[in-house]
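**Student:** Let me begin by handing over the structure; questions about it come next.
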Amino acid sequence: MLVVSEKLNLRSGPSTSERRLRLLLAGEKVEQLGCEAVTGGLTWLQVKTATDGLVGWAVADYLITPLPPIVPNVRMKAVGVHVAGSGDIGDLLGVAKRLHEAGTPIPLIVVVSDPGLCKRIKDVSPATVVVYRWVASSEDSGPFDNLKADGTGTVADPYLWYDRLMARHSQAIGADFHQMYNECSFGGNGQTTFYAAQVGDFEMALMQRANRDGIKLTFGNYMPGVPEKHHIDAMRSTFAFAEEHGHALCYHAYSSVMADATFSYDKEWYALRWVPFVKDFPRLKVILGEAGHYNSPRFRGRDDMLRMMAELEGLLMPLRQSGRDVRAAYWTIRGQKDVSWSVDDWTPYLADYEAWMKG
């Protein structure tokens, strides 16, 4: 079985001049029937579509072998660290090095605005997934700022957006994934299916551009108000493309507004709503880029931190044991002193995090 990497035409014969049978979508599965032909410098394969059994010819360059399932090391806990953009990182590198040597590496570190930190982390803990995001201020522009909830309005040009962000991201040597915009919220604001399609088209183009440079992106970057099923359906080809090319879906996992002391209350909406929506994409990597209390202050001391991490770990571990590559970053160390995030800083409790990871 092969998977379509990008949209292409299924034709009645091995040539672009042959009749088009229908459009194959990214992520669609086809079966190779054994016949092969070379026409006009292109290699063609005869295939049968998995959805409707249609037989035709498609260009081989756009048909790829699916990646094998990713089974994470279940010794590795799911909850890592979010590193905000200024201040003192404390003993983070020491903790990362010692946990790596102990065989219980930090699963995920999200680095904000400090590109040099990415390689320093990978050098001491190669198994840690590092995500880089650049944030100038809480007023950063986003690609969907001018897109209205009904889908009208404008979306940023994905290639210009990518090139502008790469001026910062190209310095993040060692980052496994690049988060190229802050957040995209669907929560309770009446966004339509057309809105979701606009978002999906932008993200697809962004990932295609990243493929040319050989880097991986996070897409989605959803806040607690995440897409509903009809939104996901409109972005299905985007999800399929990300799965096949190794990009990662990003959500934020906060507690419920109505029950702020626990992840468990309303967990399908906040921490785990993505689960039923992506069962069709079992190899899609999932990153929870931020996790903690929804309301500020999100950090409420050592005991609260350990309890919240243990609860989130409990929610995610069954998914990891089933083969899903899911990693979360608990909010936050290295508090930004120039904005209100300083109250969220748990840098002094890194030793407690290290002990929890080994425990």
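Every chain in the structure tokens takes a letter, A first, then B, and so on in the order presented; its residues are numbered from 1, and the ligands are numbered from 1 following the presented order.
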DSSP on the backbone: what in segment 193-334 of chain A comes out alpha helix (DSSP H), as a PyMOL selection string?
**Tutor:** chain A and resi 193-213+229-234+236-245+274-277+302-321
**Student:** Residues at most 10 Å from Val83 of chain A, counting only C-alpha atoms, excluding those fewer than 3 positions away in the same chain, as JSON, numbers by chain?
**Tutor:** {"A": [80, 86, 87, 88, 89, 92, 109, 110, 111, 112, 113, 114, 117, 132, 290, 329, 330, 331, 332, 333, 334, 335, 336, 345, 347]}
**Student:** Using only C-alpha atoms, pick whichever of A:Ala172, A:Leu319, A:Val124, A:Ile215 has the shortest atom-to-atom distance to Ile106 of chain A.
**Tutor:**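 Of the candidates, the smallest distance to Ile106 of chain A is held by A:Val124.
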**Student:** Residues within 10 Å of Leu206 of chain A, please, as an mmCIF file with all heavy atoms, in the first residue's frame. Count only C-alpha atoms; anything in the same chain fewer than 6 positions from it doesn't count.
**Tutor:**
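Output saved as around.cif:
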data_model
loop_
_atom_site.group_PDB
_atom_site.id
_atom_site.type_symbol
_atom_site.label_atom_id
_atom_site.label_comp_id
_atom_site.auth_asym_id
_atom_site.auth_seq_id
_atom_site.Cartn_x
_atom_site.Cartn_y
_atom_site.Cartn_z
ATOM 1 N N ASP A 157 0.320 35.366 3.413
ATOM 2 C CA ASP A 157 0.961 34.564 2.375
ATOM 3 C C ASP A 157 1.889 33.559 3.067
ATOM 4 O O ASP A 157 2.833 33.952 3.766
ATOM 5 C CB ASP A 157 1.764 35.460 1.434
ATOM 6 C CG ASP A 157 2.431 34.674 0.324
ATOM 7 O OD1 ASP A 157 3.343 33.880 0.621
ATOM 8 O OD2 ASP A 157 2.058 34.860 -0.852
ATOM 9 N N PRO A 158 1.682 32.244 2.898
ATOM 10 C CA PRO A 158 2.457 31.265 3.670
ATOM 11 C C PRO A 158 3.951 31.293 3.359
ATOM 12 O O PRO A 158 4.773 31.055 4.243
ATOM 13 C CB PRO A 158 1.824 29.929 3.284
ATOM 14 C CG PRO A 158 1.123 30.181 1.996
ATOM 15 C CD PRO A 158 0.672 31.598 2.032
ATOM 16 N N TYR A 159 4.308 31.592 2.110
ATOM 17 C CA TYR A 159 5.725 31.569 1.750
ATOM 18 C C TYR A 159 6.447 32.803 2.284
ATOM 19 O O TYR A 159 7.580 32.709 2.772
ATOM 20 C CB TYR A 159 5.865 31.450 0.234
ATOM 21 C CG TYR A 159 5.201 30.201 -0.307
ATOM 22 C CD1 TYR A 159 4.075 30.277 -1.120
ATOM 23 C CD2 TYR A 159 5.677 28.936 0.042
ATOM 24 C CE1 TYR A 159 3.449 29.127 -1.584
ATOM 25 C CE2 TYR A 159 5.055 27.782 -0.418
ATOM 26 C CZ TYR A 159 3.948 27.888 -1.223
ATOM 27 O OH TYR A 159 3.325 26.753 -1.667
ATOM 28 N N LEU A 160 5.790 33.945 2.223
ATOM 29 C CA LEU A 160 6.382 35.141 2.807
ATOM 30 C C LEU A 160 6.474 35.007 4.318
ATOM 31 O O LEU A 160 7.461 35.423 4.936
ATOM 32 C CB LEU A 160 5.560 36.380 2.433
ATOM 33 C CG LEU A 160 5.562 36.779 0.958
ATOM 34 C CD1 LEU A 160 4.665 37.996 0.726
ATOM 35 C CD2 LEU A 160 6.990 37.078 0.479
ATOM 36 N N TRP A 161 5.434 34.425 4.924
ATOM 37 C CA TRP A 161 5.433 34.206 6.378
ATOM 38 C C TRP A 161 6.584 33.282 6.775
ATOM 39 O O TRP A 161 7.322 33.560 7.721
ATOM 40 C CB TRP A 161 4.092 33.606 6.803
ATOM 41 C CG TRP A 161 3.938 33.463 8.284
ATOM 42 C CD1 TRP A 161 4.289 32.385 9.051
ATOM 43 C CD2 TRP A 161 3.423 34.441 9.193
ATOM 44 N NE1 TRP A 161 4.018 32.611 10.373
ATOM 45 C CE2 TRP A 161 3.481 33.875 10.489
ATOM 46 C CE3 TRP A 161 2.909 35.717 9.032
ATOM 47 C CZ2 TRP A 161 3.043 34.558 11.613
ATOM 48 C CZ3 TRP A 161 2.477 36.398 10.161
ATOM 49 C CH2 TRP A 161 2.541 35.828 11.428
ATOM 50 N N TYR A 162 6.743 32.204 6.031
ATOM 51 C CA TYR A 162 7.803 31.249 6.316
ATOM 52 C C TYR A 162 9.172 31.915 6.214
ATOM 53 O O TYR A 162 10.019 31.763 7.106
ATOM 54 C CB TYR A 162 7.708 30.087 5.334
ATOM 55 C CG TYR A 162 8.790 29.039 5.495
ATOM 56 C CD1 TYR A 162 8.585 27.926 6.305
ATOM 57 C CD2 TYR A 162 9.999 29.159 4.829
ATOM 58 C CE1 TYR A 162 9.575 26.959 6.462
ATOM 59 C CE2 TYR A 162 10.992 28.203 4.976
ATOM 60 C CZ TYR A 162 10.773 27.109 5.779
ATOM 61 O OH TYR A 162 11.764 26.171 5.928
ATOM 62 N N ASP A 163 9.395 32.656 5.146
ATOM 63 C CA ASP A 163 10.704 33.289 4.947
ATOM 64 C C ASP A 163 11.005 34.296 6.048
ATOM 65 O O ASP A 163 12.147 34.419 6.505
ATOM 66 C CB ASP A 163 10.766 33.967 3.577
ATOM 67 C CG ASP A 163 10.805 32.959 2.442
ATOM 68 O OD1 ASP A 163 11.155 31.791 2.694
ATOM 69 O OD2 ASP A 163 10.484 33.344 1.295
ATOM 70 N N MET A 180 5.831 27.991 14.006
ATOM 71 C CA MET A 180 6.024 29.227 13.251
ATOM 72 C C MET A 180 4.922 30.261 13.443
ATOM 73 O O MET A 180 4.884 31.251 12.722
ATOM 74 C CB MET A 180 6.220 28.920 11.774
ATOM 75 C CG MET A 180 7.586 28.338 11.495
ATOM 76 S SD MET A 180 8.069 28.510 9.790
ATOM 77 C CE MET A 180 9.860 28.410 9.940
ATOM 78 N N GLY A 200 -6.239 25.338 7.136
ATOM 79 C CA GLY A 200 -5.591 24.123 6.652
ATOM 80 C C GLY A 200 -4.760 24.355 5.406
ATOM 81 O O GLY A 200 -3.664 23.800 5.261
ATOM 82 N N LEU A 217 7.763 20.992 11.110
ATOM 83 C CA LEU A 217 6.981 22.029 11.775
ATOM 84 C C LEU A 217 5.968 21.416 12.730
ATOM 85 O O LEU A 217 5.597 20.251 12.606
ATOM 86 C CB LEU A 217 6.221 22.877 10.749
ATOM 87 C CG LEU A 217 7.014 23.567 9.648
ATOM 88 C CD1 LEU A 217 6.076 24.409 8.789
ATOM 89 C CD2 LEU A 217 8.135 24.418 10.212
ATOM 90 N N PHE A 219 2.017 22.064 13.440
ATOM 91 C CA PHE A 219 0.886 22.769 12.836
ATOM 92 C C PHE A 219 -0.253 22.731 13.821
ATOM 93 O O PHE A 219 -0.266 21.939 14.762
ATOM 94 C CB PHE A 219 0.485 22.144 11.500
ATOM 95 C CG PHE A 219 -0.281 20.848 11.619
ATOM 96 C CD1 PHE A 219 -1.650 20.819 11.452
ATOM 97 C CD2 PHE A 219 0.378 19.659 11.903
ATOM 98 C CE1 PHE A 219 -2.359 19.623 11.561
ATOM 99 C CE2 PHE A 219 -0.319 18.463 12.016
ATOM 100 C CZ PHE A 219 -1.688 18.454 11.839
#
**Student:** Atom CA of Lys97 of chain A to atom CA of Arg327 of chain A: how many Å, to one decimal?
**Tutor:**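 Answer for the atom CA of Lys97 of chain A to atom CA of Arg327 of chain A separation: 18.6 Å.
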**Student:** For segment 1-3 of chain A, please output as a PDB file with N, CA and C atoms, in the first residue's frame all residues within 10 Å (counting only C-alpha atoms; exclusion window: fewer than 2 positions along the same chain).
**Tutor:**
ATOM      1  N   SER A   5       1.488  11.749  -1.420  1.00  0.00           N
ATOM      2  CA  SER A   5       2.157  12.779  -0.634  1.00  0.00           C
ATOM      3  C   SER A   5       1.614  14.170  -0.907  1.00  0.00           C
ATOM      4  N   GLU A   6       1.181  14.450  -2.124  1.00  0.00           N
ATOM      5  CA  GLU A   6       0.586  15.730  -2.493  1.00  0.00           C
ATOM      6  C   GLU A   6      -0.535  15.471  -3.492  1.00  0.00           C
ATOM      7  N   LEU A  24      -6.469  12.746  -6.705  1.00  0.00           N
ATOM      8  CA  LEU A  24      -6.053  12.036  -5.500  1.00  0.00           C
ATOM      9  C   LEU A  24      -5.606  13.063  -4.470  1.00  0.00           C
ATOM     10  N   LEU A  25      -6.057  12.915  -3.231  1.00  0.00           N
ATOM     11  CA  LEU A  25      -5.744  13.860  -2.171  1.00  0.00           C
ATOM     12  C   LEU A  25      -4.549  13.392  -1.349  1.00  0.00           C
ATOM     13  N   ALA A  26      -3.834  14.342  -0.784  1.00  0.00           N
ATOM     14  CA  ALA A  26      -2.710  14.012   0.084  1.00  0.00           C
ATOM     15  C   ALA A  26      -3.189  13.133   1.236  1.00  0.00           C
ATOM     16  N   GLY A  27      -2.454  12.065   1.500  1.00  0.00           N
ATOM     17  CA  GLY A  27      -2.820  11.139   2.560  1.00  0.00           C
ATOM     18  C   GLY A  27      -3.661   9.964   2.110  1.00  0.00           C
ATOM     19  N   GLU A  28      -4.187  10.025   0.877  1.00  0.00           N
ATOM     20  CA  GLU A  28      -5.019   8.932   0.370  1.00  0.00           C
ATOM     21  C   GLU A  28      -4.160   7.696   0.099  1.00  0.00           C
ATOM     22  N   LYS A  29      -4.691   6.514   0.363  1.00  0.00           N
ATOM     23  CA  LYS A  29      -3.955   5.262   0.176  1.00  0.00           C
ATOM     24  C   LYS A  29      -4.332   4.621  -1.163  1.00  0.00           C
ATOM     25  N   VAL A  30      -3.308   4.101  -1.846  1.00  0.00           N
ATOM     26  CA  VAL A  30      -3.517   3.403  -3.120  1.00  0.00           C
ATOM     27  C   VAL A  30      -2.700   2.123  -3.119  1.00  0.00           C
ATOM     28  N   GLU A  31      -3.153   1.136  -3.891  1.00  0.00           N
ATOM     29  CA  GLU A  31      -2.452  -0.145  -4.022  1.00  0.00           C
ATOM     30  C   GLU A  31      -1.765  -0.209  -5.379  1.00  0.00           C
ATOM     31  N   GLN A  32      -0.479  -0.494  -5.391  1.00  0.00           N
ATOM     32  CA  GLN A  32       0.246  -0.628  -6.649  1.00  0.00           C
ATOM     33  C   GLN A  32      -0.089  -1.968  -7.278  1.00  0.00           C
ATOM     34  N   LEU A  33      -0.437  -1.937  -8.576  1.00  0.00           N
ATOM     35  CA  LEU A  33      -0.876  -3.147  -9.272  1.00  0.00           C
ATOM     36  C   LEU A  33       0.250  -3.843 -10.024  1.00  0.00           C
ATOM     37  N   VAL A  47      -2.246   1.981 -10.294  1.00  0.00           N
ATOM     38  CA  VAL A  47      -2.681   1.814  -8.914  1.00  0.00           C
ATOM     39  C   VAL A  47      -4.193   1.648  -8.836  1.00  0.00           C
ATOM     40  N   LYS A  48      -4.644   1.157  -7.677  1.00  0.00           N
ATOM     41  CA  LYS A  48      -6.073   1.080  -7.367  1.00  0.00           C
ATOM     42  C   LYS A  48      -6.310   1.823  -6.067  1.00  0.00           C
ATOM     43  N   THR A  49      -7.284   2.734  -6.050  1.00  0.00           N
ATOM     44  CA  THR A  49      -7.546   3.534  -4.857  1.00  0.00           C
ATOM     45  C   THR A  49      -8.214   2.682  -3.778  1.00  0.00           C
ATOM     46  N   ALA A  50      -7.841   2.954  -2.529  1.00  0.00           N
ATOM     47  CA  ALA A  50      -8.381   2.174  -1.417  1.00  0.00           C
ATOM     48  C   ALA A  50      -9.823   2.551  -1.109  1.00  0.00           C
ATOM     49  N   ALA A  60       4.869   8.336 -10.011  1.00  0.00           N
ATOM     50  CA  ALA A  60       5.470   7.605  -8.890  1.00  0.00           C
ATOM     51  C   ALA A  60       6.088   8.525  -7.846  1.00  0.00           C
ATOM     52  N   TYR A  62       5.018  10.995  -6.428  1.00  0.00           N
ATOM     53  CA  TYR A  62       4.070  11.488  -5.435  1.00  0.00           C
ATOM     54  C   TYR A  62       3.444  10.360  -4.629  1.00  0.00           C
ATOM     55  N   LEU A  63       3.971   9.140  -4.777  1.00  0.00           N
ATOM     56  CA  LEU A  63       3.470   7.988  -4.036  1.00  0.00           C
ATOM     57  C   LEU A  63       4.590   7.487  -3.140  1.00  0.00           C
ATOM     58  N   ILE A  64       4.351   7.489  -1.849  1.00  0.00           N
ATOM     59  CA  ILE A  64       5.405   7.145  -0.895  1.00  0.00           C
ATOM     60  C   ILE A  64       4.978   5.965  -0.036  1.00  0.00           C
ATOM     61  N   THR A  65       5.959   5.265   0.492  1.00  0.00           N
ATOM     62  CA  THR A  65       5.693   4.151   1.400  1.00  0.00           C
ATOM     63  C   THR A  65       5.404   4.699   2.794  1.00  0.00           C
ATOM     64  N   PRO A  66       4.315   4.291   3.441  1.00  0.00           N
ATOM     65  CA  PRO A  66       4.001   4.810   4.782  1.00  0.00           C
ATOM     66  C   PRO A  66       5.121   4.523   5.768  1.00  0.00           C
ATOM     67  N   LEU A  67       5.315   5.455   6.709  1.00  0.00           N
ATOM     68  CA  LEU A  67       6.306   5.268   7.757  1.00  0.00           C
ATOM     69  C   LEU A  67       5.832   4.203   8.741  1.00  0.00           C
ATOM     70  N   ALA A 240      -3.285  14.509   7.166  1.00  0.00           N
ATOM     71  CA  ALA A 240      -2.670  13.369   6.476  1.00  0.00           C
ATOM     72  C   ALA A 240      -1.277  13.719   5.972  1.00  0.00           C
ATOM     73  N   PHE A 241      -1.116  14.913   5.440  1.00  0.00           N
ATOM     74  CA  PHE A 241       0.186  15.349   4.944  1.00  0.00           C
ATOM     75  C   PHE A 241       1.196  15.419   6.082  1.00  0.00           C
ATOM     76  N   GLU A 244       2.334  11.871   7.145  1.00  0.00           N
ATOM     77  CA  GLU A 244       3.220  11.186   6.222  1.00  0.00           C
ATOM     78  C   GLU A 244       4.600  11.831   6.137  1.00  0.00           C
TER      79      GLU A 244
END
**Student:** What's around Ala259 of chain A at 10 Å? Count only C-alpha atoms, leave out sequence neighbours fewer than 5 positions away in its own chain, and write the answer as a ChimeraX atom specification.
**Tutor:** /A:264-266,293-294
**Student:** Segment 79-119 of chain A: which residues are strand (DSSP E) by DSSP, as a list in words?
**Tutor:**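 So the strand (DSSP E) residues in segment 79-119 of chain A would be Val79, Gly80, Val81, His82, Val83, Leu108, Ile109, Val110, Val111 and Val112 of chain A.
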**Student:** Please identify all polymer residues within 6 Å of Thr218 of chain A, counting only C-alpha atoms, omitting same-chain residues fewer than 5 positions from it, and present them as JSON, numbers by chain.
**Tutor:** {"A": [179, 247, 248, 249, 250]}
**Student:** At what distance in Å, to one decimal, does atom CA of Ser237 of chain A lie from atom CA of Leu316 of chain A?
**Tutor:**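 Distance reported for this atom pair: 25.5 Å.
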**Student:** Given only C-alpha atoms as the basis, pick out the residue of A:Arg120, A:Tyr222, A:Glu243, A:Arg212 nearest to Val4 of chain A.
**Tutor:**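 Nearest to Val4 of chain A: A:Glu243.
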**Student:** What does the structure give for the distance between atom CA of His230 of chain A and atom CA of Thr262 of chain A, in Å to one decimal?
**Tutor:**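 Atom CA of Thr262 of chain A lies 28.0 Å from atom CA of His230 of chain A.
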**Student:** Name the residues in contact with Phe186 of chain A at a cut-off of 12 Å, using only C-alpha atoms, excluding same-chain residues fewer than 5 positions from it; report them as a PDB file with N, CA, C and O atoms, in the first residue's frame.
**Tutor:**
ATOM      1  N   PHE A 144      -3.492  34.591  10.906  1.00  0.00           N
ATOM      2  CA  PHE A 144      -4.950  34.584  10.771  1.00  0.00           C
ATOM      3  C   PHE A 144      -5.602  35.802  11.421  1.00  0.00           C
ATOM      4  O   PHE A 144      -6.814  35.810  11.666  1.00  0.00           O
ATOM      5  N   LEU A 147      -8.442  37.074   9.362  1.00  0.00           N
ATOM      6  CA  LEU A 147      -9.408  36.066   8.911  1.00  0.00           C
ATOM      7  C   LEU A 147     -10.589  36.052   9.869  1.00  0.00           C
ATOM      8  O   LEU A 147     -10.422  35.802  11.063  1.00  0.00           O
ATOM      9  N   LYS A 148     -11.771  36.333   9.349  1.00  0.00           N
ATOM     10  CA  LYS A 148     -12.962  36.381  10.188  1.00  0.00           C
ATOM     11  C   LYS A 148     -13.482  34.972  10.462  1.00  0.00           C
ATOM     12  O   LYS A 148     -13.142  34.017   9.765  1.00  0.00           O
ATOM     13  N   ALA A 149     -14.339  34.862  11.470  1.00  0.00           N
ATOM     14  CA  ALA A 149     -14.836  33.555  11.897  1.00  0.00           C
ATOM     15  C   ALA A 149     -15.609  32.836  10.796  1.00  0.00           C
ATOM     16  O   ALA A 149     -15.650  31.601  10.761  1.00  0.00           O
ATOM     17  N   ASP A 150     -16.206  33.586   9.863  1.00  0.00           N
ATOM     18  CA  ASP A 150     -16.948  32.941   8.779  1.00  0.00           C
ATOM     19  C   ASP A 150     -16.041  32.534   7.619  1.00  0.00           C
ATOM     20  O   ASP A 150     -16.507  32.009   6.611  1.00  0.00           O
ATOM     21  N   GLY A 151     -14.738  32.800   7.743  1.00  0.00           N
ATOM     22  CA  GLY A 151     -13.791  32.412   6.706  1.00  0.00           C
ATOM     23  C   GLY A 151     -13.482  33.496   5.704  1.00  0.00           C
ATOM     24  O   GLY A 151     -12.600  33.323   4.856  1.00  0.00           O
ATOM     25  N   GLN A 191     -16.288  29.756  14.565  1.00  0.00           N
ATOM     26  CA  GLN A 191     -15.559  29.585  13.315  1.00  0.00           C
ATOM     27  C   GLN A 191     -16.230  28.536  12.441  1.00  0.00           C
ATOM     28  O   GLN A 191     -16.649  27.474  12.917  1.00  0.00           O
ATOM     29  N   THR A 192     -16.310  28.837  11.148  1.00  0.00           N
ATOM     30  CA  THR A 192     -16.996  27.968  10.209  1.00  0.00           C
ATOM     31  C   THR A 192     -16.043  26.928   9.627  1.00  0.00           C
ATOM     32  O   THR A 192     -14.824  26.978   9.816  1.00  0.00           O
ATOM     33  N   THR A 193     -16.639  25.985   8.870  1.00  0.00           N
ATOM     34  CA  THR A 193     -15.828  25.012   8.150  1.00  0.00           C
ATOM     35  C   THR A 193     -14.933  25.697   7.133  1.00  0.00           C
ATOM     36  O   THR A 193     -13.790  25.287   6.909  1.00  0.00           O
ATOM     37  N   TYR A 195     -13.612  28.650   7.422  1.00  0.00           N
ATOM     38  CA  TYR A 195     -12.490  29.187   8.188  1.00  0.00           C
ATOM     39  C   TYR A 195     -11.428  28.108   8.379  1.00  0.00           C
ATOM     40  O   TYR A 195     -10.238  28.342   8.159  1.00  0.00           O
ATOM     41  N   ALA A 196     -11.865  26.901   8.783  1.00  0.00           N
ATOM     42  CA  ALA A 196     -10.922  25.806   9.005  1.00  0.00           C
ATOM     43  C   ALA A 196     -10.178  25.449   7.727  1.00  0.00           C
ATOM     44  O   ALA A 196      -8.970  25.165   7.757  1.00  0.00           O
ATOM     45  N   VAL A 199      -7.403  27.888   7.154  1.00  0.00           N
ATOM     46  CA  VAL A 199      -6.289  27.591   8.050  1.00  0.00           C
ATOM     47  C   VAL A 199      -5.509  26.380   7.540  1.00  0.00           C
ATOM     48  O   VAL A 199      -4.275  26.375   7.491  1.00  0.00           O
ATOM     49  N   GLY A 220      -1.229  23.606  13.630  1.00  0.00           N
ATOM     50  CA  GLY A 220      -2.348  23.698  14.552  1.00  0.00           C
ATOM     51  C   GLY A 220      -2.075  24.716  15.637  1.00  0.00           C
ATOM     52  O   GLY A 220      -2.656  25.796  15.637  1.00  0.00           O
ATOM     53  N   ASN A 221      -1.153  24.374  16.557  1.00  0.00           N
ATOM     54  CA  ASN A 221      -0.817  25.277  17.657  1.00  0.00           C
ATOM     55  C   ASN A 221      -2.079  25.782  18.352  1.00  0.00           C
ATOM     56  O   ASN A 221      -2.213  26.960  18.669  1.00  0.00           O
ATOM     57  N   TYR A 222      -3.043  24.857  18.564  1.00  0.00           N
ATOM     58  CA  TYR A 222      -4.359  25.249  19.041  1.00  0.00           C
ATOM     59  C   TYR A 222      -4.361  25.571  20.529  1.00  0.00           C
ATOM     60  O   TYR A 222      -3.712  24.918  21.328  1.00  0.00           O
ATOM     61  N   MET A 223      -5.137  26.564  20.870  1.00  0.00           N
ATOM     62  CA  MET A 223      -5.374  26.921  22.263  1.00  0.00           C
ATOM     63  C   MET A 223      -6.399  25.958  22.859  1.00  0.00           C
ATOM     64  O   MET A 223      -6.903  25.084  22.160  1.00  0.00           O
ATOM     65  N   PRO A 224      -6.776  26.155  24.124  1.00  0.00           N
ATOM     66  CA  PRO A 224      -7.765  25.247  24.721  1.00  0.00           C
ATOM     67  C   PRO A 224      -9.057  25.151  23.916  1.00  0.00           C
ATOM     68  O   PRO A 224      -9.674  24.094  23.875  1.00  0.00           O
ATOM     69  N   GLY A 225      -9.483  26.242  23.297  1.00  0.00           N
ATOM     70  CA  GLY A 225     -10.651  26.178  22.430  1.00  0.00           C
ATOM     71  C   GLY A 225     -10.246  25.588  21.103  1.00  0.00           C
ATOM     72  O   GLY A 225      -9.872  26.302  20.179  1.00  0.00           O
ATOM     73  N   VAL A 226     -10.306  24.261  20.981  1.00  0.00           N
ATOM     74  CA  VAL A 226      -9.746  23.589  19.809  1.00  0.00           C
ATOM     75  C   VAL A 226     -10.846  23.267  18.801  1.00  0.00           C
ATOM     76  O   VAL A 226     -12.034  23.386  19.092  1.00  0.00           O
ATOM     77  N   PRO A 227     -10.468  22.868  17.589  1.00  0.00           N
ATOM     78  CA  PRO A 227     -11.465  22.604  16.539  1.00  0.00           C
ATOM     79  C   PRO A 227     -12.466  21.528  16.920  1.00  0.00           C
ATOM     80  O   PRO A 227     -12.168  20.616  17.695  1.00  0.00           O
ATOM     81  N   GLU A 228     -13.637  21.635  16.337  1.00  0.00           N
ATOM     82  CA  GLU A 228     -14.654  20.598  16.464  1.00  0.00           C
ATOM     83  C   GLU A 228     -14.525  19.648  15.269  1.00  0.00           C
ATOM     84  O   GLU A 228     -13.710  19.862  14.366  1.00  0.00           O
ATOM     85  N   LYS A 229     -15.347  18.602  15.245  1.00  0.00           N
ATOM     86  CA  LYS A 229     -15.186  17.568  14.225  1.00  0.00           C
ATOM     87  C   LYS A 229     -15.312  18.129  12.811  1.00  0.00           C
ATOM     88  O   LYS A 229     -14.547  17.759  11.919  1.00  0.00           O
ATOM     89  N   HIS A 230     -16.254  19.035  12.579  1.00  0.00           N
ATOM     90  CA  HIS A 230     -16.425  19.533  11.208  1.00  0.00           C
ATOM     91  C   HIS A 230     -15.241  20.378  10.774  1.00  0.00           C
ATOM     92  O   HIS A 230     -14.930  20.460   9.589  1.00  0.00           O
ATOM     93  N   HIS A 231     -14.550  20.996  11.749  1.00  0.00           N
ATOM     94  CA  HIS A 231     -13.320  21.708  11.406  1.00  0.00           C
ATOM     95  C   HIS A 231     -12.229  20.708  11.008  1.00  0.00           C
ATOM     96  O   HIS A 231     -11.528  20.913  10.011  1.00  0.00           O
ATOM     97  N   ILE A 232     -12.084  19.644  11.799  1.00  0.00           N
ATOM     98  CA  ILE A 232     -11.062  18.642  11.505  1.00  0.00           C
ATOM     99  C   ILE A 232     -11.320  18.012  10.137  1.00  0.00           C
ATOM    100  O   ILE A 232     -10.394  17.766   9.356  1.00  0.00           O
ATOM    101  N   TYR A 251      -1.165  21.045  20.321  1.00  0.00           N
ATOM    102  CA  TYR A 251      -2.274  21.560  21.119  1.00  0.00           C
ATOM    103  C   TYR A 251      -1.709  22.141  22.413  1.00  0.00           C
ATOM    104  O   TYR A 251      -0.567  21.876  22.766  1.00  0.00           O
ATOM    105  N   TRP A 269     -12.362  18.488  26.339  1.00  0.00           N
ATOM    106  CA  TRP A 269     -12.320  19.833  25.749  1.00  0.00           C
ATOM    107  C   TRP A 269     -10.929  20.438  25.876  1.00  0.00           C
ATOM    108  O   TRP A 269     -10.444  21.076  24.958  1.00  0.00           O
TER     109      TRP A 269
END
